[in-house]
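Colleague: Input file: input13.tsv. Contents: TSV, C-alpha atoms.
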```
chain	number	residue	atom	x	y	z
P	1	MET	CA	52.01	123.92	150.74
P	2	TYR	CA	51.44	120.24	151.53
P	3	GLN	CA	47.79	120.63	150.57
P	4	GLY	CA	48.92	121.68	147.11
P	5	LEU	CA	50.29	118.17	146.66
P	6	GLY	CA	47.21	116.59	148.21
P	7	ILE	CA	49.02	115.69	151.43
P	8	HIS	CA	46.89	115.76	154.59
P	9	ASP	CA	48.09	117.20	157.89
P	10	ASP	CA	48.05	113.87	159.71
P	11	VAL	CA	50.47	112.41	157.15
P	12	ALA	CA	52.90	115.31	157.52
P	13	GLU	CA	52.73	114.94	161.30
P	14	ILE	CA	53.55	111.21	161.17
P	15	VAL	CA	56.55	111.80	158.90
P	16	HIS	CA	57.87	114.71	161.00
P	17	ARG	CA	57.63	112.60	164.16
P	18	CYS	CA	59.38	109.59	162.66
P	19	GLU	CA	62.09	111.71	161.06
P	20	VAL	CA	63.52	112.58	164.48
P	21	ASP	CA	64.18	108.88	165.14
P	22	CYS	CA	66.31	108.65	162.00
P	23	PHE	CA	68.89	111.37	162.69
P	24	GLU	CA	71.55	109.04	164.16
P	25	GLU	CA	71.32	106.82	161.07
P	26	PHE	CA	71.57	109.89	158.85
P	27	ILE	CA	74.91	110.79	160.45
P	28	LYS	CA	76.32	107.39	159.42
P	29	ILE	CA	75.16	108.00	155.85
P	30	ASP	CA	76.85	111.41	155.81
P	31	GLU	CA	80.14	109.84	156.92
P	32	ALA	CA	80.09	107.33	154.04
P	33	CYS	CA	79.15	110.14	151.64
P	34	ALA	CA	82.16	112.20	152.76
P	35	TYR	CA	84.53	109.27	152.29
P	36	ASN	CA	83.22	108.38	148.83
P	37	SER	CA	83.30	112.04	147.78
P	38	LEU	CA	86.97	112.11	148.75
P	39	LYS	CA	87.62	109.04	146.58
P	40	VAL	CA	85.93	110.61	143.56
P	41	LEU	CA	87.60	114.00	143.84
P	42	THR	CA	91.04	112.42	144.39
P	43	SER	CA	90.63	110.40	141.19
P	44	PHE	CA	89.48	113.45	139.21
P	45	HIS	CA	92.67	115.22	140.27
P	46	LYS	CA	94.89	112.17	139.67
P	47	ASN	CA	93.56	111.82	136.10
P	48	GLN	CA	93.68	115.59	135.51
P	49	ILE	CA	90.12	115.86	134.25
P	50	THR	CA	89.73	118.96	132.05
P	51	GLU	CA	87.06	120.44	129.83
P	52	ALA	CA	88.76	118.75	126.88
P	53	HIS	CA	87.50	115.42	128.23
P	54	PHE	CA	83.92	116.57	127.55
P	55	ASN	CA	84.47	116.58	123.76
P	56	ALA	CA	82.40	114.24	121.58
P	57	THR	CA	83.50	111.54	119.16
P	58	THR	CA	81.47	109.82	116.44
P	59	GLY	CA	81.90	106.86	114.13
P	60	TYR	CA	84.50	104.44	115.44
P	61	GLY	CA	85.39	106.67	118.37
P	62	TYR	CA	89.14	106.35	117.92
P	63	ASN	CA	91.32	108.31	120.39
P	64	ASP	CA	88.45	109.42	122.60
P	65	LEU	CA	90.40	111.01	125.44
P	66	GLY	CA	87.30	111.56	127.56
P	67	ARG	CA	86.19	107.94	127.30
P	68	ASP	CA	89.62	106.74	128.39
P	69	ALA	CA	89.72	109.22	131.28
P	70	ILE	CA	86.26	108.13	132.46
P	71	GLU	CA	87.35	104.51	132.56
P	72	ASN	CA	90.49	105.43	134.51
P	73	VAL	CA	88.39	107.35	137.07
P	74	PHE	CA	85.95	104.45	137.48
P	75	LYS	CA	88.90	102.08	137.81
P	76	ASP	CA	90.28	104.15	140.70
P	77	VAL	CA	86.97	104.69	142.47
P	78	LEU	CA	85.99	101.00	142.29
P	79	GLY	CA	89.48	99.67	143.16
P	80	ALA	CA	89.85	97.82	139.85
P	81	GLU	CA	92.73	96.99	137.51
P	82	ASP	CA	90.62	98.19	134.58
P	83	ALA	CA	87.09	99.29	133.74
P	84	LEU	CA	84.75	99.35	130.76
P	85	VAL	CA	82.28	102.26	131.02
P	86	ARG	CA	80.13	102.69	127.94
P	87	SER	CA	76.91	104.27	126.76
P	88	GLN	CA	76.59	101.30	124.40
P	89	PHE	CA	75.35	99.31	127.41
P	90	ILE	CA	71.59	99.89	127.47
P	91	SER	CA	71.13	98.65	131.05
P	92	GLY	CA	72.72	96.79	133.91
P	93	SER	CA	71.14	93.58	132.59
P	94	HIS	CA	72.83	94.20	129.24
P	95	ALA	CA	76.21	94.67	130.91
P	96	LEU	CA	75.70	91.47	132.90
P	97	THR	CA	74.80	89.64	129.69
P	98	VAL	CA	77.94	90.90	127.93
P	99	CYS	CA	80.00	89.78	130.91
P	100	PHE	CA	78.45	86.29	130.94
P	101	PHE	CA	79.01	85.75	127.23
P	102	ALA	CA	82.55	87.15	127.46
P	103	LEU	CA	83.64	84.83	130.26
P	104	LEU	CA	81.75	81.60	129.50
P	105	ARG	CA	82.23	79.05	126.73
P	106	PRO	CA	80.27	75.91	125.70
P	107	ASN	CA	80.26	73.26	128.47
P	108	ASP	CA	81.45	75.77	131.08
P	109	ILE	CA	79.60	75.88	134.40
P	110	LEU	CA	77.94	79.04	135.70
P	111	LEU	CA	77.08	78.77	139.38
P	112	SER	CA	74.83	81.30	141.12
P	113	ILE	CA	75.32	81.12	144.89
P	114	SER	CA	72.76	83.79	145.86
P	115	GLY	CA	69.75	81.93	144.50
P	116	LYS	CA	68.00	82.77	141.26
P	117	PRO	CA	69.24	86.02	139.73
P	118	TYR	CA	67.03	88.96	138.84
P	119	ASP	CA	64.04	88.21	136.60
P	120	THR	CA	65.48	89.96	133.52
P	121	LEU	CA	68.30	87.37	133.41
P	122	ASP	CA	65.97	84.35	133.19
P	123	GLU	CA	66.09	84.26	129.39
P	124	VAL	CA	69.76	85.29	129.30
P	125	ILE	CA	70.76	82.25	131.35
P	126	GLY	CA	68.14	79.89	129.93
P	127	ILE	CA	66.04	79.44	133.06
P	128	CYS	CA	63.26	80.40	130.65
P	129	GLU	CA	63.78	79.11	127.13
P	130	ASN	CA	65.32	81.47	124.60
P	131	PRO	CA	67.31	80.45	121.49
P	132	SER	CA	69.93	83.10	122.30
P	133	SER	CA	70.46	82.08	125.95
P	134	LEU	CA	73.65	80.79	127.54
P	135	LYS	CA	71.95	77.41	127.77
P	136	SER	CA	71.46	77.36	123.98
P	137	PHE	CA	75.24	77.76	123.61
P	138	GLY	CA	75.89	74.81	125.90
P	139	VAL	CA	76.67	76.68	129.12
P	140	GLN	CA	75.55	74.71	132.18
P	141	TYR	CA	73.76	76.59	134.93
P	142	HIS	CA	73.41	75.61	138.59
P	143	GLN	CA	72.26	77.61	141.59
P	144	ILE	CA	72.56	77.32	145.34
P	145	ASP	CA	70.02	79.21	147.41
P	146	LEU	CA	70.82	81.31	150.44
P	147	VAL	CA	70.05	79.86	153.86
P	148	GLN	CA	68.65	82.30	156.44
P	149	ASP	CA	69.96	85.26	154.42
P	150	ASP	CA	73.51	83.90	154.28
P	151	PHE	CA	75.43	81.72	151.86
P	152	ASP	CA	75.15	77.95	152.13
P	153	TYR	CA	78.89	77.62	152.63
P	154	ASP	CA	78.94	73.83	152.92
P	155	ALA	CA	76.91	73.31	149.74
P	156	ILE	CA	79.01	75.85	147.84
P	157	CYS	CA	82.33	74.34	148.91
P	158	ASP	CA	81.07	70.85	148.12
P	159	PHE	CA	79.93	71.85	144.62
P	160	VAL	CA	83.12	73.74	143.77
P	161	SER	CA	85.30	70.86	144.98
P	162	LYS	CA	83.40	68.34	142.80
P	163	HIS	CA	82.92	70.40	139.62
P	164	LYS	CA	85.14	72.64	137.49
P	165	VAL	CA	83.19	75.88	137.87
P	166	LYS	CA	84.15	78.65	135.46
P	167	VAL	CA	82.11	81.55	136.88
P	168	VAL	CA	80.46	82.05	140.26
P	169	GLU	CA	77.78	84.75	140.05
P	170	ILE	CA	76.62	86.67	143.11
P	171	GLN	CA	73.79	89.19	143.09
P	172	ARG	CA	74.20	91.50	146.08
P	173	SER	CA	70.85	93.29	145.92
P	174	LYS	CA	67.71	91.33	146.68
P	175	GLY	CA	65.92	91.79	143.35
P	176	TYR	CA	62.25	90.77	143.51
P	177	SER	CA	62.81	88.47	146.47
P	178	THR	CA	62.22	88.52	150.21
P	179	ARG	CA	65.84	87.88	151.21
P	180	LYS	CA	68.26	90.40	152.64
P	181	SER	CA	70.88	91.99	150.41
P	182	ILE	CA	74.44	90.73	150.81
P	183	ASN	CA	77.01	92.79	152.69
P	184	LEU	CA	80.75	92.87	152.05
P	185	GLU	CA	81.60	90.81	155.13
P	186	LYS	CA	79.60	87.81	153.89
P	187	LEU	CA	80.83	88.37	150.35
P	188	GLY	CA	84.48	88.33	151.42
P	189	ARG	CA	83.99	85.22	153.53
P	190	VAL	CA	82.46	83.15	150.74
P	191	ILE	CA	84.98	84.34	148.13
P	192	LYS	CA	87.85	83.32	150.42
P	193	LYS	CA	86.38	79.82	150.80
P	194	ILE	CA	85.83	79.43	147.04
P	195	LYS	CA	89.32	80.63	146.14
P	196	ALA	CA	90.87	78.26	148.72
P	197	ILE	CA	89.34	75.35	146.80
P	198	ASP	CA	89.90	76.62	143.25
P	199	PRO	CA	91.79	79.90	142.72
P	200	GLU	CA	90.88	79.87	139.02
P	201	VAL	CA	87.15	80.34	139.61
P	202	ILE	CA	86.02	83.76	138.36
P	203	VAL	CA	83.84	85.49	140.95
P	204	MET	CA	81.47	87.90	139.24
P	205	VAL	CA	79.35	90.24	141.35
P	206	ASP	CA	76.20	92.04	140.26
P	207	ASN	CA	76.76	95.27	142.18
P	208	CYS	CA	73.64	97.13	140.99
P	209	TYR	CA	72.04	99.39	143.64
P	210	CYS	CA	75.02	98.90	146.01
P	211	GLU	CA	77.73	101.34	144.91
P	212	PHE	CA	78.74	104.04	147.42
P	213	VAL	CA	76.41	102.65	150.09
P	214	SER	CA	79.52	101.75	152.09
P	215	SER	CA	83.16	102.78	151.86
P	216	ASN	CA	84.37	99.82	149.79
P	217	GLU	CA	83.25	97.78	146.80
P	218	PRO	CA	83.36	93.98	146.20
P	219	LEU	CA	86.75	94.06	144.45
P	220	ALA	CA	88.26	95.00	147.82
P	221	VAL	CA	87.14	91.65	149.30
P	222	GLY	CA	88.32	89.41	146.47
P	223	ALA	CA	85.75	89.63	143.64
P	224	ASP	CA	87.29	89.38	140.16
P	225	VAL	CA	84.74	91.45	138.24
P	226	ILE	CA	81.77	93.65	139.18
P	227	VAL	CA	78.94	95.04	137.08
P	228	GLY	CA	76.57	97.97	137.54
P	229	SER	CA	74.30	100.45	135.78
P	230	LEU	CA	74.77	104.20	135.26
P	231	ILE	CA	71.05	104.87	135.62
P	232	LYS	CA	71.44	103.61	139.15
P	233	ASN	CA	73.91	104.73	141.81
P	234	LEU	CA	77.04	105.79	139.94
P	235	GLY	CA	75.19	107.84	137.33
P	236	GLY	CA	74.06	110.26	140.01
P	237	GLY	CA	70.78	110.90	138.17
P	238	ILE	CA	72.71	112.76	135.45
P	239	ALA	CA	74.14	110.05	133.18
P	240	PRO	CA	71.46	109.40	130.51
P	241	ASN	CA	72.28	105.70	130.06
P	242	GLY	CA	75.15	103.23	130.20
P	243	ALA	CA	76.77	100.77	132.57
P	244	TYR	CA	80.16	99.59	133.72
P	245	ILE	CA	82.16	96.40	134.12
P	246	ALA	CA	85.25	96.65	136.33
P	247	GLY	CA	87.84	94.26	137.68
P	248	ARG	CA	90.81	92.22	136.49
P	249	SER	CA	92.33	93.65	133.31
P	250	ASP	CA	92.29	90.30	131.45
P	251	LEU	CA	88.57	89.89	132.13
P	252	ILE	CA	87.79	93.46	131.12
P	253	ALA	CA	89.61	92.86	127.83
P	254	LEU	CA	87.34	89.87	127.16
P	255	CYS	CA	84.25	91.94	127.98
P	256	ALA	CA	85.40	94.77	125.69
P	257	ASP	CA	85.93	92.32	122.81
P	258	ARG	CA	82.42	90.97	123.35
P	259	LEU	CA	80.83	94.42	123.50
P	260	THR	CA	82.60	95.74	120.39
P	261	VAL	CA	84.81	93.60	118.13
P	262	PRO	CA	87.49	91.03	119.02
P	263	GLY	CA	90.81	92.70	118.35
P	264	GLU	CA	89.43	96.21	118.75
P	265	GLY	CA	87.92	96.01	122.24
P	266	LYS	CA	88.28	99.19	124.27
P	267	GLU	CA	89.88	101.14	121.41
P	268	VAL	CA	86.54	101.81	119.73
P	269	GLY	CA	83.19	103.18	120.82
P	270	PRO	CA	82.05	106.78	120.23
P	271	THR	CA	80.72	108.81	123.14
P	272	PHE	CA	78.47	111.27	121.23
P	273	GLY	CA	79.05	114.04	123.76
P	274	ILE	CA	77.85	112.40	126.99
P	275	ASN	CA	81.25	112.32	128.69
P	276	LYS	CA	80.42	115.40	130.73
P	277	GLN	CA	77.17	113.85	131.98
P	278	ILE	CA	78.91	110.62	132.99
P	279	LEU	CA	81.68	112.49	134.83
P	280	GLN	CA	79.27	114.92	136.46
P	281	GLY	CA	76.98	112.05	137.43
P	282	LEU	CA	79.83	110.21	139.13
P	283	PHE	CA	80.86	113.43	140.87
P	284	MET	CA	77.33	113.83	142.28
P	285	ALA	CA	76.84	110.12	143.01
P	286	PRO	CA	77.99	110.08	146.66
P	287	SER	CA	75.48	112.75	147.69
P	288	VAL	CA	72.67	111.32	145.55
P	289	VAL	CA	73.21	107.84	147.01
P	290	ALA	CA	73.17	109.42	150.48
P	291	ALA	CA	69.83	111.12	149.69
P	292	SER	CA	68.44	107.79	148.47
P	293	LEU	CA	69.55	106.04	151.64
P	294	LYS	CA	68.04	108.70	153.89
P	295	THR	CA	64.76	108.43	151.97
P	296	ALA	CA	64.83	104.64	152.40
P	297	ILE	CA	65.56	104.91	156.13
P	298	LEU	CA	62.71	107.37	156.67
P	299	THR	CA	60.38	105.16	154.63
P	300	SER	CA	61.30	102.15	156.75
P	301	ARG	CA	60.65	104.02	160.00
P	302	VAL	CA	57.33	105.51	158.89
P	303	MET	CA	55.92	102.33	157.35
P	304	GLU	CA	56.87	100.35	160.45
P	305	GLU	CA	55.10	102.97	162.55
P	306	LEU	CA	52.01	102.41	160.39
P	307	GLY	CA	52.10	98.68	161.08
P	308	TYR	CA	53.68	97.31	157.91
P	309	GLU	CA	56.53	94.82	157.69
P	310	VAL	CA	59.68	96.38	156.27
P	311	GLU	CA	63.12	95.15	155.24
P	312	PRO	CA	65.57	96.42	156.25
P	313	ARG	CA	64.43	98.15	159.43
P	314	TYR	CA	65.54	101.74	159.75
P	315	THR	CA	68.35	100.92	162.22
P	316	GLU	CA	69.74	97.95	160.29
P	317	GLU	CA	72.84	97.92	158.09
P	318	ARG	CA	72.24	99.17	154.56
P	319	VAL	CA	73.74	97.22	151.66
P	320	ASP	CA	71.82	98.82	148.80
P	321	ILE	CA	69.39	101.69	148.20
P	322	VAL	CA	66.32	99.43	148.03
P	323	GLN	CA	63.60	99.47	150.69
P	324	ASN	CA	61.06	96.64	150.89
P	325	ILE	CA	57.55	97.29	152.16
P	326	ILE	CA	55.47	94.13	152.53
P	327	PHE	CA	51.78	94.92	151.99
P	328	ARG	CA	50.24	91.42	151.67
P	329	ASP	CA	47.53	93.15	149.65
P	330	PRO	CA	47.73	93.96	145.91
P	331	ASP	CA	45.45	96.99	146.28
P	332	LYS	CA	47.70	98.61	148.89
P	333	LEU	CA	50.80	97.89	146.78
P	334	ILE	CA	49.24	99.62	143.79
P	335	ARG	CA	47.95	102.58	145.81
P	336	PHE	CA	51.34	103.20	147.40
P	337	THR	CA	53.08	102.97	144.02
P	338	ARG	CA	50.59	105.39	142.50
P	339	GLY	CA	51.43	107.87	145.24
P	340	ILE	CA	55.11	107.77	144.29
P	341	GLN	CA	54.16	108.46	140.66
P	342	GLN	CA	51.89	111.33	141.67
P	343	ALA	CA	54.76	112.97	143.58
P	344	SER	CA	57.19	112.59	140.66
P	345	PRO	CA	58.41	115.57	138.62
P	346	ILE	CA	57.63	113.88	135.27
P	347	ASP	CA	54.34	112.24	134.27
P	348	SER	CA	52.80	112.94	137.67
P	349	ASN	CA	49.36	112.79	136.03
P	350	ALA	CA	49.85	109.18	134.91
P	351	LEU	CA	47.79	106.53	136.70
P	352	VAL	CA	50.08	103.52	136.95
P	353	GLU	CA	48.69	100.05	136.35
P	354	ALA	CA	50.25	96.60	136.56
P	355	TRP	CA	51.32	95.35	133.12
P	356	ASP	CA	53.33	92.59	131.43
P	357	MET	CA	56.77	94.19	131.24
P	358	PRO	CA	59.38	92.57	128.94
P	359	GLY	CA	61.67	90.25	130.88
P	360	TYR	CA	59.31	89.62	133.82
P	361	GLN	CA	57.17	86.58	134.52
P	362	GLU	CA	54.29	88.34	136.32
P	363	PRO	CA	52.61	91.71	135.79
P	364	VAL	CA	54.63	94.51	137.40
P	365	VAL	CA	53.38	97.81	138.80
P	366	MET	CA	55.99	100.52	138.46
P	367	ALA	CA	56.23	104.22	139.31
P	368	SER	CA	59.12	106.02	137.67
P	369	GLY	CA	58.33	109.64	136.90
P	370	SER	CA	61.97	110.29	136.16
P	371	PHE	CA	64.02	112.57	133.94
P	372	THR	CA	65.78	109.47	132.56
P	373	GLN	CA	63.50	106.62	131.52
P	374	GLY	CA	63.80	103.71	133.94
P	375	SER	CA	66.23	105.51	136.23
P	376	SER	CA	66.12	103.90	139.67
P	377	ILE	CA	68.49	106.35	141.35
P	378	GLU	CA	65.64	108.81	140.90
P	379	LEU	CA	62.73	108.11	143.25
P	380	SER	CA	60.90	105.05	141.98
P	381	CYS	CA	58.83	102.17	143.27
P	382	ASP	CA	57.86	98.88	141.69
P	383	GLY	CA	56.84	95.34	142.47
P	384	PRO	CA	55.44	92.20	140.86
P	385	ILE	CA	51.79	91.37	141.43
P	386	ARG	CA	52.50	88.22	143.40
P	387	GLU	CA	52.40	87.29	147.06
P	388	PRO	CA	53.34	88.72	149.49
P	389	TYR	CA	52.87	91.89	147.40
P	390	ILE	CA	56.08	93.77	148.15
P	391	ALA	CA	56.86	97.33	147.08
P	392	TYR	CA	60.52	97.83	146.20
P	393	MET	CA	61.22	101.52	146.66
P	394	GLN	CA	64.55	103.09	145.79
P	395	GLY	CA	66.33	106.29	144.85
P	396	SER	CA	65.79	110.03	145.20
P	397	LEU	CA	67.95	112.78	143.79
P	398	THR	CA	67.48	114.74	147.02
P	399	TYR	CA	66.19	113.82	150.45
P	400	SER	CA	63.58	116.59	150.37
P	401	TYR	CA	61.97	115.24	147.20
P	402	GLY	CA	62.12	111.69	148.53
P	403	ARG	CA	60.38	112.78	151.71
P	404	LEU	CA	57.58	114.39	149.72
P	405	GLY	CA	57.18	111.28	147.60
P	406	LEU	CA	56.85	109.17	150.73
P	407	MET	CA	54.23	111.54	152.12
P	408	LYS	CA	52.15	111.30	148.97
P	409	ALA	CA	52.37	107.51	148.90
P	410	ILE	CA	51.29	107.29	152.54
P	411	ASP	CA	48.44	109.69	151.87
P	412	ASN	CA	47.16	107.29	149.23
P	413	LEU	CA	47.04	104.55	151.84
P	414	LEU	CA	45.40	106.57	154.61
P	415	HIS	CA	43.17	108.69	152.39
P	416	LYS	CA	42.38	106.55	149.37
P	417	GLU	CA	42.78	108.54	146.16
P	418	LYS	CA	39.70	109.33	144.11
```
Now, as a test, write the supplied structure out as structure tokens.

Modeller:
Amino acid sequence: MYQGLGIHDDVAEIVHRCEVDCFEEFIKIDEACAYNSLKVLTSFHKNQITEAHFNATTGYGYNDLGRDAIENVFKDVLGAEDALVRSQFISGSHALTVCFFALLRPNDILLSISGKPYDTLDEVIGICENPSSLKSFGVQYHQIDLVQDDFDYDAICDFVSKHKVKVVEIQRSKGYSTRKSINLEKLGRVIKKIKAIDPEVIVMVDNCYCEFVSSNEPLAVGADVIVGSLIKNLGGGIAPNGAYIAGRSDLIALCADRLTVPGEGKEVGPTFGINKQILQGLFMAPSVVAASLKTAILTSRVMEELGYEVEPRYTEERVDIVQNIIFRDPDKLIRFTRGIQQASPIDSNALVEAWDMPGYQEPVVMASGSFTQGSSIELSCDGPIREPYIAYMQGSLTYSYGRLGLMKAIDNLLHKEK
């Protein structure tokens, strides 16, 4: 059967051997999955989800019972006062952009304390010039880099004490960087220090790739607002698009006014019949995230066995679903990524090449043979063509499919594809 996918026996043997080493880590993942499943099911019962909530609305979307129920469920699951969950968000970057423009005004200060945010926000913030950026509206941007994979607490406290900062932005996942992702312990510590200096600072957390990896979310450790995508963790591979913003009710009201119309906010927005997919996706999300984590752990163990640098190692704490593999060779990065594409259910015959993707500064090679375009909770792999040539692998709807994808990618390294 493996030969049918072009997987050689030596590759299967390596993966089988390494898999045994991962079983203790898999048990930890199953425990988090059980807890998060309990949270989801409890909220479904609390909000009395029925088939009536699957009904579609069009036009203005007035009185959409399903939309309101979805936002109540997300509010419960994420530990928020309120939530905005909409298909009108085209991506996590779009939701982050709406949140920035909702919370910031001319001459306000936006401070990133986890270094430069993800590449797709460069033109949103004004790091790269764009006439529609925050910078063009007079918003000031400053950033403080991490130090040895932790916050620079002294620099942060010094800046906040000397300037009236409106929004502190924290990106938990690593993005296209070499740093570690940020766990809740570090997040809670830095938020506590910031709030002790200025309780009015709004702490906004980019939570993409991190939901359901652990038992709690950033709101539980003091964040004011969090943002994430539904074609990542919480969509469970079923939601066709969308994103969420959750947190303090006053901040969610501002975000809703910015997404729709001031004065109408959350009261409008048709759902066009995708309520069932969003609810079903959230219902499946704990197990899909668990499958993604197990795939990442196995990948880390196998690639380390083959002599590559990995981050995190298979026994280390997981903060998000992303696994870094450092190739230090563009050819190996591309070959590995092609293997992931070749093991995908959709467009498996496509030969991926690096190209100039919108929103990125360097060519990016990306494998995403997914049912939903750009879905990174489905098995995918990507990376910019720049040193040290890192593959960022994430997702998998099931562990079995993720394992096969890994085998095919490894086969492309050990037995170079024709």

Colleague: What gap, in Å, lies between CA of Lys164 in chain P and CA of Cys208 in chain P?

Modeller: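 Pair CA of Lys164 in chain P / CA of Cys208 in chain P returns 27.3 Å.
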
Colleague: Pick from P:Gly92, P:Gly188, P:Gly242, P:Pro388: nearest to Ile278 in chain P, with all atoms listed in the file counted?

Modeller: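 The shortest atom-to-atom distance to Ile278 in chain P comes from P:Gly242.
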
Colleague: What is the CA of Gly115 in chain P to CA of Val203 in chain P distance in Å?

Modeller: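 These atoms are spaced 15.0 Å apart.
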
Colleague: Give me the residues near Gly236 in chain P as a PyMOL selection string, where near means some atom within 6 Å (using only C-alpha atoms) and where sequence neighbours in that chain fewer than 5 positions away do not count.

Modeller: chain P and resi 281-282+284-285+288

Colleague: What is the distance, in Å and to one decimal place, between CA of Asp224 in chain P and CA of Lys75 in chain P?

Modeller: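 For CA of Asp224 in chain P relative to CA of Lys75 in chain P, the distance reads 13.0 Å.
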
Colleague: Would you mind completing range 143-165 of chain P so that it carries N, CA and C atoms, and writing it out as a PDB file, in the coordinates of the input?

Modeller:
```pdb
ATOM      1  N   GLN P 143      72.407  76.576 140.571  1.00  0.00           N
ATOM      2  CA  GLN P 143      72.260  77.610 141.590  1.00  0.00           C
ATOM      3  C   GLN P 143      72.161  76.973 142.974  1.00  0.00           C
ATOM      4  N   ILE P 144      72.651  77.713 143.947  1.00  0.00           N
ATOM      5  CA  ILE P 144      72.560  77.320 145.340  1.00  0.00           C
ATOM      6  C   ILE P 144      71.881  78.467 146.076  1.00  0.00           C
ATOM      7  N   ASP P 145      70.788  78.168 146.731  1.00  0.00           N
ATOM      8  CA  ASP P 145      70.020  79.210 147.410  1.00  0.00           C
ATOM      9  C   ASP P 145      70.690  79.630 148.713  1.00  0.00           C
ATOM     10  N   LEU P 146      70.375  80.846 149.139  1.00  0.00           N
ATOM     11  CA  LEU P 146      70.820  81.310 150.440  1.00  0.00           C
ATOM     12  C   LEU P 146      70.069  80.565 151.538  1.00  0.00           C
ATOM     13  N   VAL P 147      70.679  80.497 152.702  1.00  0.00           N
ATOM     14  CA  VAL P 147      70.050  79.860 153.860  1.00  0.00           C
ATOM     15  C   VAL P 147      70.021  80.900 154.981  1.00  0.00           C
ATOM     16  N   GLN P 148      68.834  81.291 155.383  1.00  0.00           N
ATOM     17  CA  GLN P 148      68.650  82.300 156.440  1.00  0.00           C
ATOM     18  C   GLN P 148      69.470  83.563 156.124  1.00  0.00           C
ATOM     19  N   ASP P 149      69.337  84.016 154.888  1.00  0.00           N
ATOM     20  CA  ASP P 149      69.960  85.260 154.420  1.00  0.00           C
ATOM     21  C   ASP P 149      71.485  85.224 154.439  1.00  0.00           C
ATOM     22  N   ASP P 150      72.066  84.035 154.386  1.00  0.00           N
ATOM     23  CA  ASP P 150      73.510  83.900 154.280  1.00  0.00           C
ATOM     24  C   ASP P 150      73.807  82.797 153.267  1.00  0.00           C
ATOM     25  N   PHE P 151      75.054  82.752 152.812  1.00  0.00           N
ATOM     26  CA  PHE P 151      75.430  81.720 151.860  1.00  0.00           C
ATOM     27  C   PHE P 151      75.391  80.338 152.498  1.00  0.00           C
ATOM     28  N   ASP P 152      75.081  79.342 151.687  1.00  0.00           N
ATOM     29  CA  ASP P 152      75.150  77.950 152.130  1.00  0.00           C
ATOM     30  C   ASP P 152      76.584  77.484 151.898  1.00  0.00           C
ATOM     31  N   TYR P 153      77.452  77.826 152.824  1.00  0.00           N
ATOM     32  CA  TYR P 153      78.890  77.620 152.630  1.00  0.00           C
ATOM     33  C   TYR P 153      79.244  76.167 152.376  1.00  0.00           C
ATOM     34  N   ASP P 154      78.629  75.250 153.099  1.00  0.00           N
ATOM     35  CA  ASP P 154      78.940  73.830 152.920  1.00  0.00           C
ATOM     36  C   ASP P 154      78.556  73.361 151.524  1.00  0.00           C
ATOM     37  N   ALA P 155      77.367  73.729 151.071  1.00  0.00           N
ATOM     38  CA  ALA P 155      76.910  73.310 149.740  1.00  0.00           C
ATOM     39  C   ALA P 155      77.777  73.922 148.648  1.00  0.00           C
ATOM     40  N   ILE P 156      78.171  75.168 148.829  1.00  0.00           N
ATOM     41  CA  ILE P 156      79.010  75.850 147.840  1.00  0.00           C
ATOM     42  C   ILE P 156      80.376  75.180 147.752  1.00  0.00           C
ATOM     43  N   CYS P 157      81.007  74.969 148.902  1.00  0.00           N
ATOM     44  CA  CYS P 157      82.330  74.340 148.910  1.00  0.00           C
ATOM     45  C   CYS P 157      82.281  72.930 148.338  1.00  0.00           C
ATOM     46  N   ASP P 158      81.213  72.207 148.646  1.00  0.00           N
ATOM     47  CA  ASP P 158      81.070  70.850 148.120  1.00  0.00           C
ATOM     48  C   ASP P 158      80.938  70.863 146.603  1.00  0.00           C
ATOM     49  N   PHE P 159      80.135  71.786 146.074  1.00  0.00           N
ATOM     50  CA  PHE P 159      79.930  71.850 144.620  1.00  0.00           C
ATOM     51  C   PHE P 159      81.223  72.245 143.918  1.00  0.00           C
ATOM     52  N   VAL P 160      81.901  73.262 144.423  1.00  0.00           N
ATOM     53  CA  VAL P 160      83.120  73.740 143.770  1.00  0.00           C
ATOM     54  C   VAL P 160      84.230  72.691 143.820  1.00  0.00           C
ATOM     55  N   SER P 161      84.270  71.899 144.885  1.00  0.00           N
ATOM     56  CA  SER P 161      85.300  70.860 144.980  1.00  0.00           C
ATOM     57  C   SER P 161      85.029  69.681 144.046  1.00  0.00           C
ATOM     58  N   LYS P 162      83.755  69.489 143.648  1.00  0.00           N
ATOM     59  CA  LYS P 162      83.400  68.340 142.800  1.00  0.00           C
ATOM     60  C   LYS P 162      83.239  68.698 141.325  1.00  0.00           C
ATOM     61  N   HIS P 163      83.138  69.981 140.997  1.00  0.00           N
ATOM     62  CA  HIS P 163      82.920  70.400 139.620  1.00  0.00           C
ATOM     63  C   HIS P 163      83.921  71.504 139.241  1.00  0.00           C
ATOM     64  N   LYS P 164      84.271  71.569 137.968  1.00  0.00           N
ATOM     65  CA  LYS P 164      85.140  72.640 137.490  1.00  0.00           C
ATOM     66  C   LYS P 164      84.251  73.827 137.122  1.00  0.00           C
ATOM     67  N   VAL P 165      84.055  74.712 138.074  1.00  0.00           N
ATOM     68  CA  VAL P 165      83.190  75.880 137.870  1.00  0.00           C
ATOM     69  C   VAL P 165      84.003  76.988 137.210  1.00  0.00           C
TER      70      VAL P 165
END
```
